[in-house]
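Here is the structure we will look at.
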Amino acid sequence: MNTLTFPLSVALETPTHRAVSADPYASEAQTDALLRSGAAYRRERMQAADMITTDEAAELAGTSRVTINAWIKAGRCIGVSHLRRGFKLPRWQFEPFVFPHLQPLSQALGTADGWPLLAFLESPHPALYGQTPRVALEQGVDAQRVLGLATAEGH
């Protein structure tokens, strides 16, 4: 019996499905580059002018550093781990247009981790006409709309 053999890509082709020969996974070099760029972004974000220490946040909020740390743990405010020790916090979160919404946003996103909270609030969203949720809140967009986006993203 004569059997024909085909390369796997040809054997998988049908009139409605074409085989894809490109590897769908990132290479080790691509993954390393992505991780390095993420680490560079985090370093740059931590050094940005709007980032403050827990002591500065406590003074701004009229409370103690211990309370700020408890708020971070509970998702009531955004704190991102500082490489040395402690946290850095974006100053703008203590403004009245954002602060009351942080804990509900944290709950909707399902995390108290500062990086995902910060990423959500600082990433443009098509449902907000390309604005970030932070800017939308600042400009008076209904907080329930932003909370709905966070709920959708968290699930």
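Letters for chains follow the order of the structure tokens (A, B, ...), residue numbers begin at 1 for each chain, and ligand numbers begin at 1 in the order shown.
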Find the residues around stretch 127-134 of chain A up to 10 Å (only C-alpha atoms counted), leave out those fewer than 2 positions away in its own chain, and share them as a PDB file with all heavy atoms, in the first residue's frame.
ATOM      1  N   TRP A  92      -2.294  62.336  43.093  1.00  0.00           N
ATOM      2  CA  TRP A  92      -3.617  62.715  42.599  1.00  0.00           C
ATOM      3  C   TRP A  92      -4.749  61.871  43.186  1.00  0.00           C
ATOM      4  O   TRP A  92      -5.893  62.279  43.186  1.00  0.00           O
ATOM      5  CB  TRP A  92      -3.677  62.683  41.075  1.00  0.00           C
ATOM      6  CG  TRP A  92      -3.169  61.415  40.447  1.00  0.00           C
ATOM      7  CD1 TRP A  92      -1.952  61.235  39.847  1.00  0.00           C
ATOM      8  CD2 TRP A  92      -3.844  60.149  40.340  1.00  0.00           C
ATOM      9  NE1 TRP A  92      -1.833  59.948  39.380  1.00  0.00           N
ATOM     10  CE2 TRP A  92      -2.972  59.264  39.665  1.00  0.00           C
ATOM     11  CE3 TRP A  92      -5.091  59.693  40.752  1.00  0.00           C
ATOM     12  CZ2 TRP A  92      -3.322  57.941  39.393  1.00  0.00           C
ATOM     13  CZ3 TRP A  92      -5.441  58.372  40.486  1.00  0.00           C
ATOM     14  CH2 TRP A  92      -4.556  57.515  39.813  1.00  0.00           C
ATOM     15  N   GLN A  93      -4.433  60.691  43.701  1.00  0.00           N
ATOM     16  CA  GLN A  93      -5.502  59.829  44.219  1.00  0.00           C
ATOM     17  C   GLN A  93      -6.208  60.419  45.437  1.00  0.00           C
ATOM     18  O   GLN A  93      -7.314  60.018  45.768  1.00  0.00           O
ATOM     19  CB  GLN A  93      -4.965  58.448  44.549  1.00  0.00           C
ATOM     20  CG  GLN A  93      -4.108  58.389  45.808  1.00  0.00           C
ATOM     21  CD  GLN A  93      -3.633  56.996  46.087  1.00  0.00           C
ATOM     22  OE1 GLN A  93      -4.439  56.063  46.178  1.00  0.00           O
ATOM     23  NE2 GLN A  93      -2.331  56.835  46.208  1.00  0.00           N
ATOM     24  N   PHE A  97     -12.192  63.929  43.591  1.00  0.00           N
ATOM     25  CA  PHE A  97     -12.848  63.287  42.447  1.00  0.00           C
ATOM     26  C   PHE A  97     -12.420  61.833  42.278  1.00  0.00           C
ATOM     27  O   PHE A  97     -13.059  61.078  41.549  1.00  0.00           O
ATOM     28  CB  PHE A  97     -12.586  64.076  41.154  1.00  0.00           C
ATOM     29  CG  PHE A  97     -11.129  64.236  40.805  1.00  0.00           C
ATOM     30  CD1 PHE A  97     -10.450  63.264  40.099  1.00  0.00           C
ATOM     31  CD2 PHE A  97     -10.438  65.374  41.177  1.00  0.00           C
ATOM     32  CE1 PHE A  97      -9.108  63.411  39.791  1.00  0.00           C
ATOM     33  CE2 PHE A  97      -9.099  65.540  40.862  1.00  0.00           C
ATOM     34  CZ  PHE A  97      -8.428  64.550  40.164  1.00  0.00           C
ATOM     35  N   VAL A  98     -11.352  61.400  42.962  1.00  0.00           N
ATOM     36  CA  VAL A  98     -10.883  60.014  42.830  1.00  0.00           C
ATOM     37  C   VAL A  98     -10.996  59.246  44.146  1.00  0.00           C
ATOM     38  O   VAL A  98     -11.491  58.120  44.163  1.00  0.00           O
ATOM     39  CB  VAL A  98      -9.408  59.971  42.330  1.00  0.00           C
ATOM     40  CG1 VAL A  98      -8.879  58.547  42.332  1.00  0.00           C
ATOM     41  CG2 VAL A  98      -9.279  60.567  40.943  1.00  0.00           C
ATOM     42  N   LEU A 118      -3.479  51.192  39.405  1.00  0.00           N
ATOM     43  CA  LEU A 118      -2.860  52.318  38.716  1.00  0.00           C
ATOM     44  C   LEU A 118      -2.996  52.160  37.199  1.00  0.00           C
ATOM     45  O   LEU A 118      -3.355  53.111  36.497  1.00  0.00           O
ATOM     46  CB  LEU A 118      -1.389  52.427  39.119  1.00  0.00           C
ATOM     47  CG  LEU A 118      -0.628  53.658  38.677  1.00  0.00           C
ATOM     48  CD1 LEU A 118      -1.245  54.921  39.253  1.00  0.00           C
ATOM     49  CD2 LEU A 118       0.830  53.548  39.098  1.00  0.00           C
ATOM     50  N   ALA A 119      -2.756  50.955  36.713  1.00  0.00           N
ATOM     51  CA  ALA A 119      -2.876  50.705  35.277  1.00  0.00           C
ATOM     52  C   ALA A 119      -4.295  50.965  34.787  1.00  0.00           C
ATOM     53  O   ALA A 119      -4.502  51.569  33.731  1.00  0.00           O
ATOM     54  CB  ALA A 119      -2.449  49.270  34.949  1.00  0.00           C
ATOM     55  N   PHE A 120      -5.289  50.507  35.544  1.00  0.00           N
ATOM     56  CA  PHE A 120      -6.678  50.740  35.145  1.00  0.00           C
ATOM     57  C   PHE A 120      -6.974  52.234  35.080  1.00  0.00           C
ATOM     58  O   PHE A 120      -7.527  52.721  34.100  1.00  0.00           O
ATOM     59  CB  PHE A 120      -7.655  50.057  36.109  1.00  0.00           C
ATOM     60  CG  PHE A 120      -9.092  50.401  35.824  1.00  0.00           C
ATOM     61  CD1 PHE A 120      -9.762  49.799  34.767  1.00  0.00           C
ATOM     62  CD2 PHE A 120      -9.766  51.351  36.581  1.00  0.00           C
ATOM     63  CE1 PHE A 120     -11.078  50.131  34.471  1.00  0.00           C
ATOM     64  CE2 PHE A 120     -11.081  51.684  36.298  1.00  0.00           C
ATOM     65  CZ  PHE A 120     -11.740  51.082  35.241  1.00  0.00           C
ATOM     66  N   LEU A 121      -6.612  52.965  36.113  1.00  0.00           N
ATOM     67  CA  LEU A 121      -6.938  54.391  36.178  1.00  0.00           C
ATOM     68  C   LEU A 121      -6.157  55.241  35.182  1.00  0.00           C
ATOM     69  O   LEU A 121      -6.620  56.311  34.796  1.00  0.00           O
ATOM     70  CB  LEU A 121      -6.723  54.913  37.605  1.00  0.00           C
ATOM     71  CG  LEU A 121      -7.817  54.504  38.578  1.00  0.00           C
ATOM     72  CD1 LEU A 121      -7.360  54.678  40.012  1.00  0.00           C
ATOM     73  CD2 LEU A 121      -9.089  55.289  38.320  1.00  0.00           C
ATOM     74  N   GLU A 122      -4.994  54.769  34.740  1.00  0.00           N
ATOM     75  CA  GLU A 122      -4.159  55.566  33.844  1.00  0.00           C
ATOM     76  C   GLU A 122      -4.149  55.076  32.394  1.00  0.00           C
ATOM     77  O   GLU A 122      -3.434  55.622  31.566  1.00  0.00           O
ATOM     78  CB  GLU A 122      -2.725  55.625  34.376  1.00  0.00           C
ATOM     79  CG  GLU A 122      -2.616  56.416  35.657  1.00  0.00           C
ATOM     80  CD  GLU A 122      -1.193  56.653  36.116  1.00  0.00           C
ATOM     81  OE1 GLU A 122      -0.292  55.862  35.759  1.00  0.00           O
ATOM     82  OE2 GLU A 122      -0.975  57.645  36.837  1.00  0.00           O
ATOM     83  N   SER A 123      -4.955  54.080  32.077  1.00  0.00           N
ATOM     84  CA  SER A 123      -4.999  53.559  30.696  1.00  0.00           C
ATOM     85  C   SER A 123      -6.218  54.099  29.963  1.00  0.00           C
ATOM     86  O   SER A 123      -7.345  53.989  30.461  1.00  0.00           O
ATOM     87  CB  SER A 123      -5.055  52.032  30.706  1.00  0.00           C
ATOM     88  OG  SER A 123      -3.884  51.505  31.270  1.00  0.00           O
ATOM     89  N   PRO A 124      -6.017  54.661  28.774  1.00  0.00           N
ATOM     90  CA  PRO A 124      -7.160  55.145  27.984  1.00  0.00           C
ATOM     91  C   PRO A 124      -8.143  54.004  27.710  1.00  0.00           C
ATOM     92  O   PRO A 124      -7.744  52.862  27.512  1.00  0.00           O
ATOM     93  CB  PRO A 124      -6.517  55.630  26.681  1.00  0.00           C
ATOM     94  CG  PRO A 124      -5.090  55.893  27.033  1.00  0.00           C
ATOM     95  CD  PRO A 124      -4.742  54.894  28.096  1.00  0.00           C
ATOM     96  N   HIS A 125      -9.425  54.344  27.713  1.00  0.00           N
ATOM     97  CA  HIS A 125     -10.461  53.329  27.503  1.00  0.00           C
ATOM     98  C   HIS A 125     -11.415  53.793  26.408  1.00  0.00           C
ATOM     99  O   HIS A 125     -11.906  54.914  26.445  1.00  0.00           O
ATOM    100  CB  HIS A 125     -11.229  53.097  28.813  1.00  0.00           C
ATOM    101  CG  HIS A 125     -11.955  51.805  28.833  1.00  0.00           C
ATOM    102  ND1 HIS A 125     -13.077  51.561  28.071  1.00  0.00           N
ATOM    103  CD2 HIS A 125     -11.710  50.667  29.504  1.00  0.00           C
ATOM    104  CE1 HIS A 125     -13.498  50.337  28.285  1.00  0.00           C
ATOM    105  NE2 HIS A 125     -12.681  49.770  29.148  1.00  0.00           N
ATOM    106  N   ALA A 136     -11.537  60.856  33.341  1.00  0.00           N
ATOM    107  CA  ALA A 136     -12.998  60.852  33.244  1.00  0.00           C
ATOM    108  C   ALA A 136     -13.620  61.243  34.588  1.00  0.00           C
ATOM    109  O   ALA A 136     -14.539  62.075  34.630  1.00  0.00           O
ATOM    110  CB  ALA A 136     -13.493  59.480  32.795  1.00  0.00           C
ATOM    111  N   LEU A 137     -13.123  60.668  35.666  1.00  0.00           N
ATOM    112  CA  LEU A 137     -13.636  61.028  36.991  1.00  0.00           C
ATOM    113  C   LEU A 137     -13.374  62.504  37.286  1.00  0.00           C
ATOM    114  O   LEU A 137     -14.244  63.205  37.793  1.00  0.00           O
ATOM    115  CB  LEU A 137     -12.996  60.154  38.073  1.00  0.00           C
ATOM    116  CG  LEU A 137     -13.444  58.693  38.109  1.00  0.00           C
ATOM    117  CD1 LEU A 137     -12.550  57.885  39.046  1.00  0.00           C
ATOM    118  CD2 LEU A 137     -14.901  58.578  38.514  1.00  0.00           C
ATOM    119  N   GLU A 138     -12.185  62.956  36.939  1.00  0.00           N
ATOM    120  CA  GLU A 138     -11.818  64.350  37.164  1.00  0.00           C
ATOM    121  C   GLU A 138     -12.743  65.304  36.410  1.00  0.00           C
ATOM    122  O   GLU A 138     -13.065  66.386  36.886  1.00  0.00           O
ATOM    123  CB  GLU A 138     -10.368  64.565  36.717  1.00  0.00           C
ATOM    124  CG  GLU A 138      -9.832  65.943  36.945  1.00  0.00           C
ATOM    125  CD  GLU A 138      -8.369  66.062  36.525  1.00  0.00           C
ATOM    126  OE1 GLU A 138      -7.970  65.450  35.509  1.00  0.00           O
ATOM    127  OE2 GLU A 138      -7.629  66.754  37.214  1.00  0.00           O
ATOM    128  N   GLN A 139     -13.191  64.879  35.228  1.00  0.00           N
ATOM    129  CA  GLN A 139     -14.041  65.729  34.397  1.00  0.00           C
ATOM    130  C   GLN A 139     -15.529  65.505  34.639  1.00  0.00           C
ATOM    131  O   GLN A 139     -16.359  66.005  33.888  1.00  0.00           O
ATOM    132  CB  GLN A 139     -13.678  65.539  32.934  1.00  0.00           C
ATOM    133  CG  GLN A 139     -12.276  66.042  32.641  1.00  0.00           C
ATOM    134  CD  GLN A 139     -11.910  65.947  31.179  1.00  0.00           C
ATOM    135  OE1 GLN A 139     -12.656  65.413  30.360  1.00  0.00           O
ATOM    136  NE2 GLN A 139     -10.748  66.476  30.838  1.00  0.00           N
ATOM    137  N   VAL A 141     -17.383  62.564  34.785  1.00  0.00           N
ATOM    138  CA  VAL A 141     -18.096  61.393  34.280  1.00  0.00           C
ATOM    139  C   VAL A 141     -18.654  60.631  35.485  1.00  0.00           C
ATOM    140  O   VAL A 141     -17.996  60.523  36.524  1.00  0.00           O
ATOM    141  CB  VAL A 141     -17.158  60.496  33.441  1.00  0.00           C
ATOM    142  CG1 VAL A 141     -17.792  59.152  33.125  1.00  0.00           C
ATOM    143  CG2 VAL A 141     -16.762  61.207  32.160  1.00  0.00           C
ATOM    144  N   ALA A 143     -19.332  58.233  38.199  1.00  0.00           N
ATOM    145  CA  ALA A 143     -18.457  57.221  38.786  1.00  0.00           C
ATOM    146  C   ALA A 143     -18.995  55.808  38.560  1.00  0.00           C
ATOM    147  O   ALA A 143     -18.217  54.858  38.444  1.00  0.00           O
ATOM    148  CB  ALA A 143     -18.268  57.485  40.273  1.00  0.00           C
ATOM    149  N   ARG A 145     -20.312  54.672  35.907  1.00  0.00           N
ATOM    150  CA  ARG A 145     -19.855  54.236  34.580  1.00  0.00           C
ATOM    151  C   ARG A 145     -18.440  53.684  34.658  1.00  0.00           C
ATOM    152  O   ARG A 145     -18.135  52.633  34.094  1.00  0.00           O
ATOM    153  CB  ARG A 145     -19.919  55.417  33.606  1.00  0.00           C
ATOM    154  CG  ARG A 145     -19.551  55.048  32.205  1.00  0.00           C
ATOM    155  CD  ARG A 145     -19.848  56.180  31.272  1.00  0.00           C
ATOM    156  NE  ARG A 145     -19.462  55.812  29.922  1.00  0.00           N
ATOM    157  CZ  ARG A 145     -19.350  56.664  28.958  1.00  0.00           C
ATOM    158  NH1 ARG A 145     -19.645  57.932  29.150  1.00  0.00           N
ATOM    159  NH2 ARG A 145     -18.998  56.270  27.762  1.00  0.00           N
ATOM    160  N   VAL A 146     -17.578  54.383  35.361  1.00  0.00           N
ATOM    161  CA  VAL A 146     -16.187  53.928  35.538  1.00  0.00           C
ATOM    162  C   VAL A 146     -16.165  52.634  36.346  1.00  0.00           C
ATOM    163  O   VAL A 146     -15.434  51.706  36.026  1.00  0.00           O
ATOM    164  CB  VAL A 146     -15.328  55.022  36.185  1.00  0.00           C
ATOM    165  CG1 VAL A 146     -13.917  54.518  36.483  1.00  0.00           C
ATOM    166  CG2 VAL A 146     -15.276  56.259  35.289  1.00  0.00           C
ATOM    167  N   LEU A 147     -17.000  52.551  37.371  1.00  0.00           N
ATOM    168  CA  LEU A 147     -17.092  51.353  38.181  1.00  0.00           C
ATOM    169  C   LEU A 147     -17.581  50.158  37.337  1.00  0.00           C
ATOM    170  O   LEU A 147     -17.091  49.038  37.492  1.00  0.00           O
ATOM    171  CB  LEU A 147     -18.019  51.578  39.372  1.00  0.00           C
ATOM    172  CG  LEU A 147     -18.097  50.463  40.399  1.00  0.00           C
ATOM    173  CD1 LEU A 147     -16.743  50.173  41.017  1.00  0.00           C
ATOM    174  CD2 LEU A 147     -19.098  50.840  41.487  1.00  0.00           C
ATOM    175  N   LEU A 149     -17.013  49.723  34.160  1.00  0.00           N
ATOM    176  CA  LEU A 149     -15.874  49.297  33.348  1.00  0.00           C
ATOM    177  C   LEU A 149     -14.918  48.438  34.177  1.00  0.00           C
ATOM    178  O   LEU A 149     -14.400  47.432  33.696  1.00  0.00           O
ATOM    179  CB  LEU A 149     -15.133  50.505  32.775  1.00  0.00           C
ATOM    180  CG  LEU A 149     -15.897  51.349  31.782  1.00  0.00           C
ATOM    181  CD1 LEU A 149     -15.106  52.610  31.433  1.00  0.00           C
ATOM    182  CD2 LEU A 149     -16.220  50.543  30.531  1.00  0.00           C
ATOM    183  N   ALA A 150     -14.684  48.857  35.416  1.00  0.00           N
ATOM    184  CA  ALA A 150     -13.806  48.089  36.305  1.00  0.00           C
ATOM    185  C   ALA A 150     -14.400  46.722  36.593  1.00  0.00           C
ATOM    186  O   ALA A 150     -13.686  45.717  36.604  1.00  0.00           O
ATOM    187  CB  ALA A 150     -13.566  48.861  37.600  1.00  0.00           C
TER     188      ALA A 150
END
task: Give me every helix (DSSP H, G or I) residue in stretch 86-149 of chain A, going by DSSP on the backbone, as a VMD selection string.
output: chain A and resid 91 to 94 99 to 109 114 to 122 126 to 128 133 to 138 143 to 149
Write the residues of the selection above to a file with C-alpha atoms, as a tab-separated table (two decimals), in the first residue's frame.
chain	number	residue	atom	x	y	z
A	91	ARG	CA	-0.52	62.16	44.79
A	92	TRP	CA	-3.62	62.71	42.60
A	93	GLN	CA	-5.50	59.83	44.22
A	94	PHE	CA	-6.17	61.98	47.29
A	99	PHE	CA	-10.38	59.10	46.48
A	100	PRO	CA	-13.97	58.08	47.37
A	101	HIS	CA	-14.05	55.70	44.39
A	102	LEU	CA	-10.79	53.82	44.98
A	103	GLN	CA	-12.06	51.10	47.28
A	104	PRO	CA	-15.12	50.30	45.11
A	105	LEU	CA	-12.82	50.21	42.06
A	106	SER	CA	-10.42	47.91	43.90
A	107	GLN	CA	-13.30	45.59	44.78
A	108	ALA	CA	-14.65	45.66	41.23
A	109	LEU	CA	-11.23	44.82	39.79
A	114	GLY	CA	-1.47	48.97	43.37
A	115	TRP	CA	-0.09	48.23	39.91
A	116	PRO	CA	-3.37	46.90	38.42
A	117	LEU	CA	-5.31	49.75	40.06
A	118	LEU	CA	-2.86	52.32	38.72
A	119	ALA	CA	-2.88	50.70	35.28
A	120	PHE	CA	-6.68	50.74	35.15
A	121	LEU	CA	-6.94	54.39	36.18
A	122	GLU	CA	-4.16	55.57	33.84
A	126	PRO	CA	-12.59	53.32	24.33
A	127	ALA	CA	-15.82	53.43	26.38
A	128	LEU	CA	-14.60	56.74	27.81
A	133	PRO	CA	-10.77	56.53	34.01
A	134	ARG	CA	-8.86	58.99	36.22
A	135	VAL	CA	-9.37	61.88	33.77
A	136	ALA	CA	-13.00	60.85	33.24
A	137	LEU	CA	-13.64	61.03	36.99
A	138	GLU	CA	-11.82	64.35	37.16
A	143	ALA	CA	-18.46	57.22	38.79
A	144	GLN	CA	-20.91	54.33	38.22
A	145	ARG	CA	-19.86	54.24	34.58
A	146	VAL	CA	-16.19	53.93	35.54
A	147	LEU	CA	-17.09	51.35	38.18
A	148	GLY	CA	-18.98	49.36	35.53
A	149	LEU	CA	-15.87	49.30	33.35
field: Point-to-point distance in Å for atom CA of A:Arg65 and atom CA of A:Gly79
entry: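 Pair atom CA of A:Gly79 / atom CA of A:Arg65 returns 11.9 Å.
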query: What is the distance, in Å and to one decimal place, between atom CA of A:Glu28 and atom CA of A:Tyr41?
result: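 Between atom CA of A:Glu28 and atom CA of A:Tyr41 the gap is 19.9 Å.
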query: To one decimal place, how far is atom CA of A:Ala152 from atom CA of A:Arg45 in Å?
result: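 Pair atom CA of A:Ala152 / atom CA of A:Arg45 returns 25.8 Å.
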Could you give me, as a tab-separated table (two decimals) with N, CA and C atoms, in the first residue's frame, the residues within 9 Å of A:Thr53, counting only C-alpha atoms and dropping anything in the same chain fewer than 3 positions from it?
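Output saved as result-v3.tsv:
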chain	number	residue	atom	x	y	z
A	56	GLU	N	4.65	61.23	53.13
A	56	GLU	CA	4.06	62.40	52.46
A	56	GLU	C	2.56	62.22	52.27
A	57	ALA	N	2.14	60.99	51.95
A	57	ALA	CA	0.71	60.71	51.80
A	57	ALA	C	-0.02	60.89	53.12
A	58	ALA	N	0.60	60.45	54.20
A	58	ALA	CA	-0.02	60.59	55.52
A	58	ALA	C	-0.21	62.07	55.85
A	86	GLY	N	8.75	49.79	51.53
A	86	GLY	CA	7.57	50.63	51.56
A	86	GLY	C	6.89	50.79	50.20
A	87	PHE	N	6.14	51.87	50.09
A	87	PHE	CA	5.33	52.11	48.91
A	87	PHE	C	5.55	53.52	48.40
A	88	LYS	N	5.21	53.71	47.14
A	88	LYS	CA	5.07	55.03	46.54
A	88	LYS	C	3.62	55.13	46.11
A	89	LEU	N	3.07	56.33	46.20
A	89	LEU	CA	1.65	56.55	45.91
A	89	LEU	C	1.48	57.73	44.98
A	90	PRO	N	0.56	57.64	44.02
A	90	PRO	CA	0.29	58.82	43.19
A	90	PRO	C	-0.46	59.86	44.01
- request: For each of A:Pro24, A:Thr111, A:Asp50, A:Thr151, take the minimum atom-to-atom distance to A:Ile72, counting only C-alpha atoms, then give the residue where this is smallest.
  value: A:Thr111
field: Every residue of chain A that DSSP places in strand (DSSP E), as a list in words
entry: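 Written out, the strand (DSSP E) residues of chain A are Met51, Ile52, Thr53, Val80, Ser81, Phe87, Lys88, Leu89 and Pro90 of chain A.
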